[in-house]
Amino acid sequence: MSTPDGYQRPAIAGSGTIACGLAACVSTISEVRMLARSDASAWRAEEQAQKLASKLEGAIGSRIKVTTDPSDLADSDIVVEAIVEELDPKAKLLSQLAEVCPDADLASTTSSLSITELGLACGQPERFFGLHVFNPVTRMELVELCVPEGVREGVLERARAWCAALNKTAVEVPDKPGFVVNRLLFPYLFDAVRYMEETGLTPAAIDDCMRLGAGHPMGPLKLIDLVGVDVSVAIGESLHAASGDPAHEPPETLRRMVREGKLGRKAGEGFYTY
């Protein structure tokens, strides 16, 4: 199964922003199959992934094949799940994929859920690892690689080789809520929201201060819009459930924005209008 690129027949289960970005990256080295839930989501995913590939050096959009039939993934040697940040849907999908793809390594792009718990929930802990990529996937270099003890031989080596072939920097991280980046990042993002609530400053004012004063490439509120307000809430809830730390609890402003459909850049409106 091992190759210089780690995997030869990759598949991605999902059709959202992360899945499309990862598919575009994978198209630089091989064909890649994407699994969508419906014909409509498959059409949108194919269009978005190929659009991203057209802007990425070395990517070949025609290598991206989108399907709604899980059996089309049967001969895959890795399947990466990239759907909603909730344990039960992820575990259910991974369990189905494990049966359809009996020889494949299994991975998730989860940003906050326990890899050990998710592996047990899907019934395949020996085949399962965390492959946390960052949005926008075509531009962000880091992959947080979480490979728990007990995973079958060769998974770590294949995963590392695949990340290297994709021109990503893989950093092995512990199976802790939020891994490294989100564990450190989200208390800061949530504090920015609370500071806005407390002071009445505009999102632009807070973002300008952190961008121009701290040298950050993007302010915290614009970054929440990029990540997705709903995704940010889900990450915060996972962190808070594990730690009990009030700094990890999503602010009410974010919960209200989710109820109002203001999910950030992907929805056209969040703290900013797009």
# chains A, B, ... in the order shown; residues from 1 in each chain; ligands from 1
$ residues_around --residues "Gly61 (chain A)" --least-positions-apart "3" --cutoff "6 Å" --atoms "only C-alpha atoms" --output "VMD selection string"
chain A and resid 50 53 64
$ write_last_selection --atoms "C-alpha atoms" --output "mmCIF file, in the first residue's frame"
data_model
loop_
_atom_site.group_PDB
_atom_site.id
_atom_site.type_symbol
_atom_site.label_atom_id
_atom_site.label_comp_id
_atom_site.auth_asym_id
_atom_site.auth_seq_id
_atom_site.Cartn_x
_atom_site.Cartn_y
_atom_site.Cartn_z
ATOM 1 C CA GLN A 50 -12.261 22.656 -10.070
ATOM 2 C CA ALA A 53 -7.719 23.799 -8.811
ATOM 3 C CA ILE A 64 -11.410 15.548 -9.430
#
$ residues_around --residues "Ile83 (chain A)" --least-positions-apart "4" --cutoff "10 Å" --atoms "only C-alpha atoms" --output "list in words"
Ile12, Ala13, Gly14, Ser15, Gly16, Thr17, Ile18, Ala19, Ala36, Pro89, Lys90, Leu93, Ser108, Thr109 and Thr110 of chain A
$ select_by_dssp --residues "region 139-197 of chain A" --states "helix (DSSP H, G or I)" --output "list in words"
Val155, Leu156, Glu157, Arg158, Ala159, Arg160, Ala161, Trp162, Cys163, Ala164, Ala165, Val181, Asn182, Arg183, Leu184, Leu185, Phe186, Pro187, Tyr188, Leu189, Phe190, Asp191, Ala192, Val193, Arg194, Tyr195, Met196 and Glu197 of chain A
$ closest_residue --among "A:Ala98, A:Val143, A:Ala74, A:Val227" --to "Glu126 (chain A)" --atoms "only C-alpha atoms"
A:Ala98
$ closest_residue --among "A:Lys176, A:Lys55, A:Arg255, A:Lys65" --to "Ala42 (chain A)" --atoms "only C-alpha atoms"
A:Lys65
$ select_by_dssp --residues "region 108-258 of chain A" --states "strand (DSSP E or B)" --output "list in words"
Ser108, Phe128, Phe129, Gly130, Leu131, His132, Val133, Leu142, Val143, Glu144, Leu145, Cys146, Thr169, Ala170, Val171 and Glu172 of chain A
$ closest_residue --among "A:Ser27, A:Val147, A:Arg183, A:Ser62" --to "Asp245 (chain A)" --atoms "only C-alpha atoms"
A:Arg183
$ closest_residue --among "A:Leu35, A:Gln8, A:Arg158, A:Ala91" --to "Val66 (chain A)" --atoms "only C-alpha atoms"
A:Leu35
